[in-house]
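This is upload_27.txt (compact mmCIF, C-alpha atoms and all ligand atoms).
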# COMPACT_ATOMS: atom_id res chain seq x y z
CA MET V 1 -15.68 15.46 6.64
CA THR V 2 -14.27 12.74 4.40
CA GLN V 3 -13.97 13.60 0.72
CA LEU V 4 -16.94 12.40 -1.37
CA SER V 5 -16.35 11.41 -5.00
CA HIS V 6 -18.98 13.10 -7.15
CA SER V 7 -18.72 10.74 -10.11
CA GLU V 8 -20.60 7.45 -10.48
CA ILE V 9 -18.02 5.74 -8.22
CA PRO V 10 -19.79 4.51 -5.06
CA ASN V 11 -18.85 6.35 -1.84
CA ILE V 12 -18.85 3.66 0.84
CA ILE V 13 -18.61 3.34 4.61
CA ILE V 14 -17.91 -0.20 5.85
CA ASP V 15 -19.34 -1.10 9.28
CA THR V 16 -17.37 -4.13 10.37
CA ASP V 17 -16.34 -6.62 13.10
CA PRO V 18 -12.96 -7.89 11.83
CA GLY V 19 -12.93 -10.97 11.70
CA ILE V 20 -11.06 -12.76 8.96
CA ASP V 21 -13.71 -12.48 6.24
CA ASP V 22 -14.15 -8.82 7.21
CA CYS V 23 -10.37 -8.44 6.70
CA ALA V 24 -10.75 -9.95 3.23
CA ALA V 25 -13.62 -7.53 2.53
CA ILE V 26 -11.65 -4.47 3.68
CA LEU V 27 -8.54 -5.43 1.64
CA PHE V 28 -10.87 -6.16 -1.32
CA ALA V 29 -12.34 -2.65 -1.01
CA LEU V 30 -8.89 -1.02 -0.75
CA GLY V 31 -7.76 -2.88 -3.87
CA LEU V 32 -10.93 -1.88 -5.75
CA GLU V 33 -10.32 1.72 -4.71
CA LYS V 34 -6.91 1.51 -6.46
CA MET V 35 -8.80 0.24 -9.52
CA GLY V 36 -11.07 3.30 -9.38
CA LEU V 37 -14.19 1.19 -8.69
CA LEU V 38 -15.16 2.63 -5.30
CA ASN V 39 -14.26 5.37 -2.82
CA LEU V 40 -13.82 4.17 0.80
CA LEU V 41 -14.82 7.00 3.15
CA ALA V 42 -14.28 5.27 6.51
CA LEU V 43 -14.38 2.10 8.56
CA THR V 44 -16.72 1.99 11.56
CA THR V 45 -16.24 -0.90 13.95
CA VAL V 46 -18.64 -2.92 16.08
CA ALA V 47 -18.36 -5.79 18.57
CA GLY V 48 -19.20 -9.13 16.93
CA ASN V 49 -16.73 -11.82 15.90
CA VAL V 50 -14.56 -10.59 18.79
CA PRO V 51 -15.03 -7.76 21.34
CA LEU V 52 -14.76 -4.12 20.19
CA ASP V 53 -11.26 -3.65 21.66
CA TYR V 54 -10.08 -6.19 19.09
CA THR V 55 -12.34 -5.25 16.14
CA GLN V 56 -11.28 -1.56 16.25
CA LYS V 57 -7.60 -2.51 16.56
CA ASN V 58 -7.88 -5.13 13.79
CA ALA V 59 -9.46 -2.60 11.41
CA ARG V 60 -6.45 -0.31 11.98
CA ILE V 61 -3.95 -3.18 11.53
CA ILE V 62 -5.63 -4.10 8.23
CA CYS V 63 -5.27 -0.49 7.03
CA ASP V 64 -1.57 -0.66 7.98
CA TRP V 65 -1.21 -3.88 5.96
CA ALA V 66 -2.50 -1.96 2.92
CA ASP V 67 -0.26 1.07 3.67
CA ARG V 68 -3.47 3.07 4.17
CA SER V 69 -3.12 4.69 7.59
CA ASP V 70 -5.11 7.61 6.11
CA VAL V 71 -8.38 5.65 6.30
CA PRO V 72 -10.53 7.08 9.14
CA VAL V 73 -11.36 4.27 11.62
CA TYR V 74 -14.03 4.74 14.30
CA ALA V 75 -15.03 2.64 17.32
CA GLY V 76 -18.73 1.90 17.82
CA ALA V 77 -20.94 -0.30 19.98
CA LYS V 78 -19.32 -2.60 22.55
CA GLN V 79 -22.44 -4.76 22.73
CA PRO V 80 -25.82 -5.34 21.06
CA ILE V 81 -28.81 -3.10 21.81
CA ILE V 82 -30.40 -5.48 24.35
CA LYS V 83 -28.56 -8.83 24.46
CA SER V 84 -25.14 -9.58 25.90
CA LEU V 85 -22.44 -10.00 23.28
CA ILE V 86 -21.74 -13.41 21.80
CA THR V 87 -18.57 -13.80 19.74
CA ALA V 88 -17.20 -16.20 17.08
CA ASP V 89 -13.62 -16.63 18.25
CA ASP V 90 -13.94 -20.36 17.44
CA VAL V 91 -13.94 -19.28 13.77
CA HIS V 92 -11.74 -16.17 13.81
CA GLY V 93 -9.35 -16.91 16.71
CA ASN V 94 -9.06 -15.04 20.02
CA THR V 95 -7.71 -11.86 18.39
CA GLY V 96 -10.15 -12.05 15.47
CA LEU V 97 -7.34 -12.38 12.91
CA GLY V 98 -6.48 -16.05 13.34
CA ASP V 99 -2.87 -16.68 14.28
CA ALA V 100 -1.51 -13.79 12.17
CA PRO V 101 1.34 -11.90 13.87
CA LEU V 102 -0.21 -8.58 14.93
CA HIS V 103 1.57 -5.25 15.57
CA GLU V 104 0.55 -2.10 17.43
CA PRO V 105 -1.34 -0.24 14.64
CA LYS V 106 -0.03 3.00 13.13
CA THR V 107 -3.47 3.89 11.72
CA PRO V 108 -5.05 6.09 14.39
CA LEU V 109 -8.43 5.55 16.02
CA GLN V 110 -10.64 8.61 15.48
CA ALA V 111 -11.70 10.39 18.69
CA GLN V 112 -15.28 10.83 17.42
CA SER V 113 -17.63 7.92 18.17
CA THR V 114 -19.07 5.89 15.33
CA ILE V 115 -22.65 6.97 16.08
CA SER V 116 -21.67 10.67 16.06
CA PHE V 117 -19.64 10.17 12.86
CA LEU V 118 -22.50 8.36 11.08
CA ILE V 119 -25.06 10.99 12.12
CA GLN V 120 -22.81 13.91 11.10
CA THR V 121 -21.74 12.33 7.79
CA LEU V 122 -25.16 11.05 6.71
CA THR V 123 -27.10 14.18 7.65
CA GLU V 124 -24.54 16.47 5.92
CA ALA V 125 -24.00 14.29 2.80
CA GLU V 126 -25.63 14.97 -0.54
CA LYS V 127 -28.96 13.16 -0.81
CA ASN V 128 -28.62 9.39 -1.48
CA SER V 129 -24.84 9.71 -1.92
CA ILE V 130 -23.41 7.12 0.49
CA THR V 131 -23.50 3.31 0.35
CA LEU V 132 -23.47 1.83 3.86
CA CYS V 133 -21.90 -1.64 3.80
CA ALA V 134 -22.68 -3.56 7.01
CA ILE V 135 -20.72 -6.77 7.52
CA GLY V 136 -21.14 -7.29 11.26
CA PRO V 137 -24.04 -7.03 13.72
CA LEU V 138 -26.23 -4.00 12.82
CA THR V 139 -26.00 -2.28 16.22
CA ASN V 140 -24.16 0.89 15.08
CA ILE V 141 -26.44 1.60 12.14
CA ALA V 142 -29.64 0.94 14.08
CA LEU V 143 -28.50 3.25 16.92
CA ALA V 144 -27.59 6.03 14.47
CA LEU V 145 -30.95 5.78 12.65
CA LYS V 146 -32.83 5.77 15.97
CA ALA V 147 -30.83 8.74 17.32
CA ASN V 148 -31.39 10.82 14.18
CA PRO V 149 -33.68 9.49 11.40
CA GLU V 150 -32.41 12.36 9.24
CA CYS V 151 -29.41 10.04 8.54
CA LYS V 152 -31.61 8.29 5.98
CA GLN V 153 -31.33 11.20 3.57
CA GLY V 154 -27.65 10.54 2.92
CA ILE V 155 -27.98 6.80 2.33
CA LYS V 156 -28.07 5.56 -1.29
CA GLU V 157 -28.43 1.90 -0.23
CA LEU V 158 -27.67 -0.44 2.66
CA VAL V 159 -25.59 -3.45 1.54
CA ILE V 160 -25.72 -6.00 4.34
CA MET V 161 -24.23 -9.44 5.02
CA GLY V 162 -26.59 -11.40 7.23
CA GLY V 163 -29.46 -13.83 7.59
CA SER V 164 -30.29 -17.19 6.06
CA TYR V 165 -33.41 -18.77 4.55
CA LEU V 166 -32.73 -21.27 1.78
CA ASN V 167 -29.47 -22.27 3.48
CA ILE V 168 -28.46 -24.02 6.69
CA CYS V 169 -27.71 -21.58 9.52
CA ASN V 170 -24.39 -21.11 11.31
CA ILE V 171 -24.78 -19.94 14.93
CA THR V 172 -27.95 -21.80 15.95
CA PRO V 173 -30.00 -24.24 13.83
CA ASN V 174 -32.26 -21.31 12.91
CA ALA V 175 -30.09 -18.18 12.81
CA GLU V 176 -27.08 -16.61 11.09
CA PHE V 177 -24.40 -15.01 13.30
CA ASN V 178 -24.68 -11.24 12.50
CA PHE V 179 -28.45 -11.21 12.84
CA PHE V 180 -28.47 -13.48 15.91
CA VAL V 181 -26.03 -11.22 17.78
CA ASP V 182 -28.41 -8.26 17.49
CA PRO V 183 -31.90 -9.19 16.24
CA ILE V 184 -33.39 -5.95 17.62
CA ALA V 185 -30.98 -3.87 15.51
CA THR V 186 -31.74 -6.08 12.51
CA LYS V 187 -35.49 -5.49 12.91
CA ILE V 188 -34.95 -1.72 13.11
CA ILE V 189 -33.07 -1.89 9.77
CA LEU V 190 -35.64 -4.19 8.11
CA GLU V 191 -38.38 -1.71 9.08
CA SER V 192 -36.37 1.39 8.02
CA GLU V 193 -37.82 1.54 4.48
CA LEU V 194 -34.26 2.11 3.20
CA PRO V 195 -33.10 0.31 -0.01
CA ILE V 196 -31.60 -2.92 1.39
CA ARG V 197 -29.42 -5.36 -0.60
CA LEU V 198 -29.09 -8.43 1.62
CA PHE V 199 -26.34 -11.08 1.25
CA PRO V 200 -27.43 -14.09 3.37
CA LEU V 201 -25.75 -17.48 3.72
CA ASP V 202 -27.95 -18.50 0.74
CA VAL V 203 -25.47 -16.72 -1.54
CA THR V 204 -22.28 -16.53 0.54
CA HIS V 205 -22.07 -20.32 0.81
CA LYS V 206 -21.78 -20.32 -3.01
CA ALA V 207 -18.64 -18.13 -2.82
CA CYS V 208 -16.18 -20.45 -1.09
CA ILE V 209 -12.40 -20.02 -1.06
CA THR V 210 -11.44 -23.38 -2.57
CA THR V 211 -7.81 -24.59 -2.63
CA PRO V 212 -7.19 -23.51 -6.28
CA ARG V 213 -8.55 -20.04 -5.46
CA MET V 214 -6.40 -19.92 -2.29
CA ASP V 215 -3.33 -20.90 -4.34
CA GLN V 216 -3.96 -18.05 -6.79
CA LEU V 217 -3.80 -15.60 -3.86
CA ARG V 218 -0.72 -17.27 -2.43
CA GLN V 219 1.10 -16.89 -5.76
CA LEU V 220 0.58 -13.11 -5.95
CA ALA V 221 3.89 -11.20 -5.95
CA ASN V 222 2.98 -9.03 -2.97
CA LYS V 223 2.58 -9.38 0.81
CA ASN V 224 -1.22 -9.25 1.05
CA GLY V 225 -1.94 -12.13 -1.36
CA PRO V 226 -0.11 -14.75 0.71
CA ARG V 227 -1.23 -13.03 3.93
CA ILE V 228 -4.96 -13.26 3.14
CA ALA V 229 -4.49 -16.81 1.81
CA ASN V 230 -2.98 -17.87 5.16
CA LEU V 231 -5.74 -16.13 7.11
CA LEU V 232 -8.44 -17.75 4.96
CA GLN V 233 -6.75 -21.14 5.31
CA SER V 234 -7.26 -21.07 9.09
CA TYR V 235 -10.75 -19.53 8.74
CA SER V 236 -11.87 -22.25 6.30
CA ARG V 237 -11.34 -25.11 8.74
CA TYR V 238 -14.57 -24.30 10.63
CA ASP V 239 -16.90 -24.29 7.60
CA ILE V 240 -15.26 -27.30 5.92
CA GLN V 241 -15.79 -29.31 9.11
CA GLU V 242 -19.21 -27.87 10.00
CA PHE V 243 -20.84 -27.84 6.55
CA GLY V 244 -18.60 -30.04 4.36
CA LEU V 245 -17.95 -27.05 2.08
CA GLU V 246 -15.00 -26.97 -0.36
CA GLY V 247 -13.60 -23.97 1.54
CA GLY V 248 -14.59 -21.08 3.80
CA PRO V 249 -17.49 -18.98 2.44
CA LEU V 250 -16.37 -15.39 1.70
CA HIS V 251 -19.42 -13.90 3.41
CA ASP V 252 -18.36 -10.27 3.81
CA PRO V 253 -16.44 -9.86 0.51
CA CYS V 254 -19.69 -10.68 -1.36
CA THR V 255 -21.05 -7.25 -0.35
CA ILE V 256 -17.94 -5.49 -1.69
CA GLY V 257 -18.03 -7.45 -4.95
CA TYR V 258 -21.67 -6.40 -5.44
CA ILE V 259 -20.87 -2.72 -4.85
CA ALA V 260 -18.10 -2.81 -7.49
CA GLN V 261 -19.80 -5.15 -9.99
CA PRO V 262 -23.52 -5.68 -9.25
CA ASP V 263 -24.04 -8.06 -12.20
CA LEU V 264 -22.01 -10.74 -10.43
CA PHE V 265 -25.06 -11.43 -8.24
CA THR V 266 -28.76 -12.28 -8.55
CA ALA V 267 -31.49 -11.24 -6.11
CA LYS V 268 -35.23 -11.43 -5.59
CA ALA V 269 -37.29 -8.64 -4.00
CA VAL V 270 -39.04 -10.16 -0.97
CA PHE V 271 -40.63 -9.26 2.34
CA ALA V 272 -38.30 -10.35 5.15
CA ASP V 273 -38.69 -10.16 8.93
CA ILE V 274 -36.77 -11.49 11.94
CA GLU V 275 -37.75 -13.19 15.21
CA THR V 276 -36.55 -10.98 18.09
CA ASN V 277 -38.03 -12.96 20.99
CA HIS V 278 -35.61 -14.98 23.09
CA GLY V 279 -35.86 -18.71 22.47
CA LEU V 280 -35.53 -21.47 19.86
CA MET V 281 -36.24 -19.25 16.86
CA GLU V 282 -34.39 -16.13 18.04
CA GLY V 283 -32.75 -14.45 15.02
CA ALA V 284 -34.59 -16.68 12.52
CA MET V 285 -35.71 -15.01 9.30
CA GLN V 286 -39.19 -15.13 7.84
CA VAL V 287 -38.86 -14.63 4.06
CA ASP V 288 -42.04 -14.36 1.96
CA TRP V 289 -40.42 -16.09 -1.06
CA ASN V 290 -43.69 -16.85 -2.86
CA GLN V 291 -45.69 -13.74 -1.85
CA LYS V 292 -48.03 -15.58 0.55
CA LEU V 293 -48.36 -12.51 2.76
CA ASP V 294 -49.88 -9.20 1.77
CA LYS V 295 -46.59 -7.40 2.53
CA LYS V 296 -44.54 -5.07 0.31
CA PRO V 297 -41.00 -6.37 -0.38
CA ASN V 298 -38.46 -4.62 1.90
CA VAL V 299 -35.18 -6.25 0.77
CA ASP V 300 -33.39 -7.51 -2.33
CA TRP V 301 -32.48 -11.05 -1.17
CA PHE V 302 -29.36 -12.30 -3.00
CA TYR V 303 -29.17 -16.03 -3.72
CA GLU V 304 -26.85 -16.54 -6.73
CA VAL V 305 -23.27 -15.48 -7.57
CA LYS V 306 -21.01 -15.91 -10.61
CA ALA V 307 -18.36 -17.41 -8.33
CA ASP V 308 -15.43 -17.67 -10.75
CA ALA V 309 -15.86 -14.08 -11.94
CA PHE V 310 -16.24 -12.92 -8.33
CA PHE V 311 -12.96 -14.56 -7.32
CA GLU V 312 -11.25 -13.19 -10.41
CA LEU V 313 -12.22 -9.66 -9.32
CA PHE V 314 -11.26 -10.41 -5.71
CA THR V 315 -7.80 -11.69 -6.72
CA GLN V 316 -7.27 -8.79 -9.13
CA ALA V 317 -8.10 -6.28 -6.38
CA ILE V 318 -5.81 -7.97 -3.83
CA SER V 319 -3.01 -7.92 -6.43
CA LYS V 320 -3.18 -4.09 -6.39
CA LEU V 321 -2.14 -3.98 -2.71
CA PRO V 322 1.39 -3.88 -1.24
O1 LIG V 401 -22.39 -15.29 9.47
C1 LIG V 401 -21.26 -14.72 8.87
C2 LIG V 401 -21.02 -13.33 9.39
O2 LIG V 401 -20.75 -13.38 10.79
C3 LIG V 401 -19.78 -12.66 8.76
O3 LIG V 401 -19.96 -11.27 8.74
C4 LIG V 401 -18.68 -13.01 9.72
O4 LIG V 401 -17.62 -12.04 9.72
C5 LIG V 401 -19.41 -12.94 11.03
O5 LIG V 401 -19.42 -11.58 11.43
CA CA V 402 -18.27 -9.78 9.73

Any chance you could put this one into structure tokens?
Ligand code: RIB
Ligand code: CA
Amino acid sequence: MTQLSHSEIPNIIIDTDPGIDDCAAILFALGLEKMGLLNLLALTTVAGNVPLDYTQKNARIICDWADRSDVPVYAGAKQPIIKSLITADDVHGNTGLGDAPLHEPKTPLQAQSTISFLIQTLTEAEKNSITLCAIGPLTNIALALKANPECKQGIKELVIMGGSYLNICNITPNAEFNFFVDPIATKIILESELPIRLFPLDVTHKACITTPRMDQLRQLANKNGPRIANLLQSYSRYDIQEFGLEGGPLHDPCTIGYIAQPDLFTAKAVFADIETNHGLMEGAMQVDWNQKLDKKPNVDWFYEVKADAFFELFTQAISKLP
């Protein structure tokens, strides 16, 4: 059982499909941990940007990069609950970490499966003591909740990157990648009645790694500043070309920034649902922005970020790493 901090510092588990922006999120969390702003309990991995064989290995490589081979890393679902896996190697490269030179990771893979780890940890944890941060398809979390609903007792809040409503979509004209990969899992989470803080493209597209911000990382006097700048440089090409943005949106790091400093972001409590049927609208979100439906809000939908302050915190956290 991983050590919980009993102070106000958030105890977090990151469920992830690294992925370059996932890598940025994990390094961000490890830097914030050095600043005493959160306590990272474990990384659980899921197939998404690239297949699970890569996402679990990448999570371990990223821990090595931060000299943190003590971080427990678990392997989870190889594919979505119903659909076949679709990946985003056009954005993240075939390995999931761009063209970064990769080594055989020192950080071990835990023998326990992710689902078993989540069930054990969340059912044994103090009530509402763990923040689950989901930055890939929601398959692992949905399967754990379905297998043992008692998991809910340990969850303080679910902080999720996914979806889109007020913003153009990125995998089909109507859907965002994480939610499109596993819409069934997403629906299970939306109907879970857990506290959900949702970071859709509406807000992540306002947190782009522009050239000046990239240069700040590159000038850090450590290895991980220049490393993440190079990774984000290759990652940005897709979104600059596809959406004409000033740089790649830091989707996944937005969730970590919220956990450490919630006042960087603005949300609205809304009722949100997802289309799970196969077809044109598969993975599309319905968001009751102006309370037209007689439905209780089920998510905090984030749509604004103090971008300069967010990047200041991000750069400060990365500067704490080797
Ligand atoms: O749509 C963006 C999301 O899909 C991010 O989590 C990115 O890593 C990919 O998983
Ligand atoms: Ca991700």

At most 7 Å from ligand CA 402 (chain V) (only C-alpha atoms and all ligand atoms): residue list as a VMD selection string: chain V and resid 16 to 19 21 to 22 49 135 to 136 252

With only C-alpha atoms and all ligand atoms counted, collect every polymer residue having an atom within 9 Å of ligand LIG 401 (chain V); state the result as a short mmCIF file (atom, residue, chain, number, x, y, z; two decimals) with C-alpha atoms, keeping the file's coordinate frame.
data_model
loop_
_atom_site.label_atom_id
_atom_site.label_comp_id
_atom_site.auth_asym_id
_atom_site.auth_seq_id
_atom_site.Cartn_x
_atom_site.Cartn_y
_atom_site.Cartn_z
CA THR V 16 -17.37 -4.13 10.37
CA ASP V 17 -16.34 -6.62 13.10
CA PRO V 18 -12.96 -7.89 11.83
CA GLY V 19 -12.93 -10.97 11.70
CA ILE V 20 -11.06 -12.76 8.96
CA ASP V 21 -13.71 -12.48 6.24
CA ASP V 22 -14.15 -8.82 7.21
CA CYS V 23 -10.37 -8.44 6.70
CA GLY V 48 -19.20 -9.13 16.93
CA ASN V 49 -16.73 -11.82 15.90
CA VAL V 50 -14.56 -10.59 18.79
CA THR V 87 -18.57 -13.80 19.74
CA ALA V 88 -17.20 -16.20 17.08
CA VAL V 91 -13.94 -19.28 13.77
CA HIS V 92 -11.74 -16.17 13.81
CA ALA V 134 -22.68 -3.56 7.01
CA ILE V 135 -20.72 -6.77 7.52
CA GLY V 136 -21.14 -7.29 11.26
CA PRO V 137 -24.04 -7.03 13.72
CA ILE V 160 -25.72 -6.00 4.34
CA MET V 161 -24.23 -9.44 5.02
CA GLY V 162 -26.59 -11.40 7.23
CA GLY V 163 -29.46 -13.83 7.59
CA SER V 164 -30.29 -17.19 6.06
CA CYS V 169 -27.71 -21.58 9.52
CA ASN V 170 -24.39 -21.11 11.31
CA ILE V 171 -24.78 -19.94 14.93
CA ALA V 175 -30.09 -18.18 12.81
CA GLU V 176 -27.08 -16.61 11.09
CA PHE V 177 -24.40 -15.01 13.30
CA ASN V 178 -24.68 -11.24 12.50
CA PHE V 179 -28.45 -11.21 12.84
CA PRO V 200 -27.43 -14.09 3.37
CA LEU V 201 -25.75 -17.48 3.72
CA THR V 204 -22.28 -16.53 0.54
CA PRO V 249 -17.49 -18.98 2.44
CA LEU V 250 -16.37 -15.39 1.70
CA HIS V 251 -19.42 -13.90 3.41
CA ASP V 252 -18.36 -10.27 3.81
#

Neighbour list for segment 304-318 of chain V as a ChimeraX atom specification, cut-off 6 Å, all atoms listed in the file, skip fewer than 3 positions in-chain: /V:28,31-32,203,207,264-266,321

Atoms kept (C-alpha atoms) for selection, written as a PDB file, in the frame of the given file:
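File written: result.pdb
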ATOM      1  CA  PHE V  28     -10.870  -6.160  -1.320  1.00  0.00           C
ATOM      2  CA  GLY V  31      -7.760  -2.880  -3.870  1.00  0.00           C
ATOM      3  CA  LEU V  32     -10.930  -1.880  -5.750  1.00  0.00           C
ATOM      4  CA  VAL V 203     -25.470 -16.720  -1.540  1.00  0.00           C
ATOM      5  CA  ALA V 207     -18.640 -18.130  -2.820  1.00  0.00           C
ATOM      6  CA  LEU V 264     -22.010 -10.740 -10.430  1.00  0.00           C
ATOM      7  CA  PHE V 265     -25.060 -11.430  -8.240  1.00  0.00           C
ATOM      8  CA  THR V 266     -28.760 -12.280  -8.550  1.00  0.00           C
ATOM      9  CA  LEU V 321      -2.140  -3.980  -2.710  1.00  0.00           C
TER      10      LEU V 321
END

Point-to-point distance in Å for atom CA of Ile188 of chain V and atom CA of Leu143 of chain V: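 Atom CA of Ile188 of chain V lies 9.0 Å from atom CA of Leu143 of chain V.
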
Among the residues V:Leu27, V:Ala284, V:Cys63, V:Ile82, the one that comes closest to Ala272 of chain V [using all atoms listed in the file]: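 Looking only at the distances to Ala272 of chain V, the closest residue turns out to be V:Ala284.
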
Atom CA of Glu157 of chain V to atom CA of Pro253 of chain V, straight-line distance in Å: 16.8 Å

I'd like a table as a Markdown table: residues in segment 42-110 of chain V with an atom no more than 9 Å from segment 182-186 of chain V, each row giving the shortest atom pair and its distance in Å to one decimal, all atoms listed in the file counted, sorted by chain and rising residue number.
| residue | atom | partner | partner_atom | distance |
| --- | --- | --- | --- | --- |
| V:Gln79 | CA | V:Asp182 | CA | 8.7 |
| V:Pro80 | CA | V:Asp182 | CA | 5.3 |
| V:Ile81 | CA | V:Ala185 | CA | 6.7 |
| V:Ile82 | CA | V:Ile184 | CA | 7.4 |
| V:Lys83 | CA | V:Asp182 | CA | 7.0 |
| V:Leu85 | CA | V:Asp182 | CA | 8.5 |

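One finds atom CA of Ala24 of chain V at 13.0 Å from atom CA of Ser234 of chain V.
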
Selected residue, from V:Thr210, V:Ser113, V:Thr255, V:Thr172, that lies nearest to Ile26 of chain V when counting only C-alpha atoms: V:Thr255

From V:Ile240, V:Leu158, V:Leu293, V:Ile115, residue lying nearest Ile256 of chain V [only C-alpha atoms]: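 For Ile256 of chain V, the nearest of the candidates is V:Leu158.
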
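Those residues that approach Thr114 of chain V to within 12 Å, counting all atoms listed in the file, are Ile13, Ile14, Asp15, Thr16, Ala42, Leu43, Thr44, Thr45, Val46, Leu52, Gln56, Pro72, Val73, Tyr74, Ala75, Gly76, Ala77, Lys78, Leu109, Ile119, Gln120, Thr121, Leu122, Thr139, Asn140, Ile141, Ala142, Leu143 and Ala144 of chain V; same-chain residues fewer than 5 positions away are not listed.
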
Test item: residues at most 12 Å from Glu150 of chain V, all atoms listed in the file, excluding those fewer than 3 positions along its chain, as a PyMOL selection string: chain V and resi 118-125+127-128+144-147+153-155+192

Within-9 Å shell of (-30.6, 1.0, 1.3) in input frame, only C-alpha atoms, as a list in words: Thr131, Leu132, Lys152, Ile155, Lys156, Glu157, Leu158, Val159, Ser192, Glu193, Leu194, Pro195, Ile196, Arg197 and Val299 of chain V

Residue among V:Thr211, V:Thr276, V:Arg227, V:Pro173 lying closest to Gly98 of chain V, counting only C-alpha atoms: V:Arg227

Quick one: everything within 12 Å of Pro322 of chain V, counting only C-alpha atoms, minus sequence neighbours fewer than 5 positions away in the same chain. Send it as a tab-separated table (two decimals) with C-alpha atoms, in the frame of the given file.
chain	number	residue	atom	x	y	z
V	27	LEU	CA	-8.54	-5.43	1.64
V	30	LEU	CA	-8.89	-1.02	-0.75
V	31	GLY	CA	-7.76	-2.88	-3.87
V	34	LYS	CA	-6.91	1.51	-6.46
V	62	ILE	CA	-5.63	-4.10	8.23
V	63	CYS	CA	-5.27	-0.49	7.03
V	64	ASP	CA	-1.57	-0.66	7.98
V	65	TRP	CA	-1.21	-3.88	5.96
V	66	ALA	CA	-2.50	-1.96	2.92
V	67	ASP	CA	-0.26	1.07	3.67
V	68	ARG	CA	-3.47	3.07	4.17
V	220	LEU	CA	0.58	-13.11	-5.95
V	221	ALA	CA	3.89	-11.20	-5.95
V	222	ASN	CA	2.98	-9.03	-2.97
V	223	LYS	CA	2.58	-9.38	0.81
V	224	ASN	CA	-1.22	-9.25	1.05
V	225	GLY	CA	-1.94	-12.13	-1.36
V	226	PRO	CA	-0.11	-14.75	0.71
V	227	ARG	CA	-1.23	-13.03	3.93
V	317	ALA	CA	-8.10	-6.28	-6.38

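Closest approach to Asp273 of chain V among V:Lys295, V:His103, V:Lys206, V:Arg218: V:Lys295, based on all atoms listed in the file.
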
Among the residues V:Glu126, V:Gly248, V:Gln219, V:Lys106, the one that comes closest to Ser236 of chain V [using only C-alpha atoms]: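 With only C-alpha atoms as the atom set, the closest residue is V:Gly248.
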
Is there a way to complete segment 121-131 of chain V with N, CA, C and O atoms and then write that out as a PDB file, in the coordinates of the input?
ATOM      1  N   THR V 121     -22.029  12.578   9.212  1.00  0.00           N
ATOM      2  CA  THR V 121     -21.740  12.330   7.790  1.00  0.00           C
ATOM      3  C   THR V 121     -23.006  12.151   6.970  1.00  0.00           C
ATOM      4  O   THR V 121     -23.158  12.732   5.906  1.00  0.00           O
ATOM      5  N   LEU V 122     -23.959  11.376   7.494  1.00  0.00           N
ATOM      6  CA  LEU V 122     -25.160  11.050   6.710  1.00  0.00           C
ATOM      7  C   LEU V 122     -26.153  12.195   6.659  1.00  0.00           C
ATOM      8  O   LEU V 122     -26.889  12.362   5.690  1.00  0.00           O
ATOM      9  N   THR V 123     -26.172  13.036   7.687  1.00  0.00           N
ATOM     10  CA  THR V 123     -27.100  14.180   7.650  1.00  0.00           C
ATOM     11  C   THR V 123     -26.526  15.321   6.793  1.00  0.00           C
ATOM     12  O   THR V 123     -27.276  16.090   6.204  1.00  0.00           O
ATOM     13  N   GLU V 124     -25.164  15.375   6.699  1.00  0.00           N
ATOM     14  CA  GLU V 124     -24.540  16.470   5.920  1.00  0.00           C
ATOM     15  C   GLU V 124     -24.292  16.072   4.462  1.00  0.00           C
ATOM     16  O   GLU V 124     -24.068  16.928   3.611  1.00  0.00           O
ATOM     17  N   ALA V 125     -24.340  14.752   4.167  1.00  0.00           N
ATOM     18  CA  ALA V 125     -24.000  14.290   2.800  1.00  0.00           C
ATOM     19  C   ALA V 125     -25.052  14.734   1.798  1.00  0.00           C
ATOM     20  O   ALA V 125     -26.201  14.985   2.158  1.00  0.00           O
ATOM     21  N   GLU V 126     -24.633  14.766   0.522  1.00  0.00           N
ATOM     22  CA  GLU V 126     -25.630  14.970  -0.540  1.00  0.00           C
ATOM     23  C   GLU V 126     -26.660  13.852  -0.451  1.00  0.00           C
ATOM     24  O   GLU V 126     -26.333  12.738  -0.011  1.00  0.00           O
ATOM     25  N   LYS V 127     -27.879  14.135  -0.901  1.00  0.00           N
ATOM     26  CA  LYS V 127     -28.960  13.160  -0.810  1.00  0.00           C
ATOM     27  C   LYS V 127     -28.578  11.859  -1.527  1.00  0.00           C
ATOM     28  O   LYS V 127     -28.021  11.884  -2.625  1.00  0.00           O
ATOM     29  N   ASN V 128     -28.841  10.738  -0.879  1.00  0.00           N
ATOM     30  CA  ASN V 128     -28.620   9.390  -1.480  1.00  0.00           C
ATOM     31  C   ASN V 128     -27.216   9.252  -2.064  1.00  0.00           C
ATOM     32  O   ASN V 128     -27.040   8.708  -3.153  1.00  0.00           O
ATOM     33  N   SER V 129     -26.207   9.734  -1.343  1.00  0.00           N
ATOM     34  CA  SER V 129     -24.840   9.710  -1.920  1.00  0.00           C
ATOM     35  C   SER V 129     -23.916   8.676  -1.303  1.00  0.00           C
ATOM     36  O   SER V 129     -22.814   8.464  -1.813  1.00  0.00           O
ATOM     37  N   ILE V 130     -24.315   8.022  -0.211  1.00  0.00           N
ATOM     38  CA  ILE V 130     -23.410   7.120   0.490  1.00  0.00           C
ATOM     39  C   ILE V 130     -23.987   5.705   0.578  1.00  0.00           C
ATOM     40  O   ILE V 130     -25.146   5.510   0.960  1.00  0.00           O
ATOM     41  N   THR V 131     -23.150   4.733   0.198  1.00  0.00           N
ATOM     42  CA  THR V 131     -23.500   3.310   0.350  1.00  0.00           C
ATOM     43  C   THR V 131     -22.956   2.834   1.691  1.00  0.00           C
ATOM     44  O   THR V 131     -21.754   2.946   1.951  1.00  0.00           O
TER      45      THR V 131
END
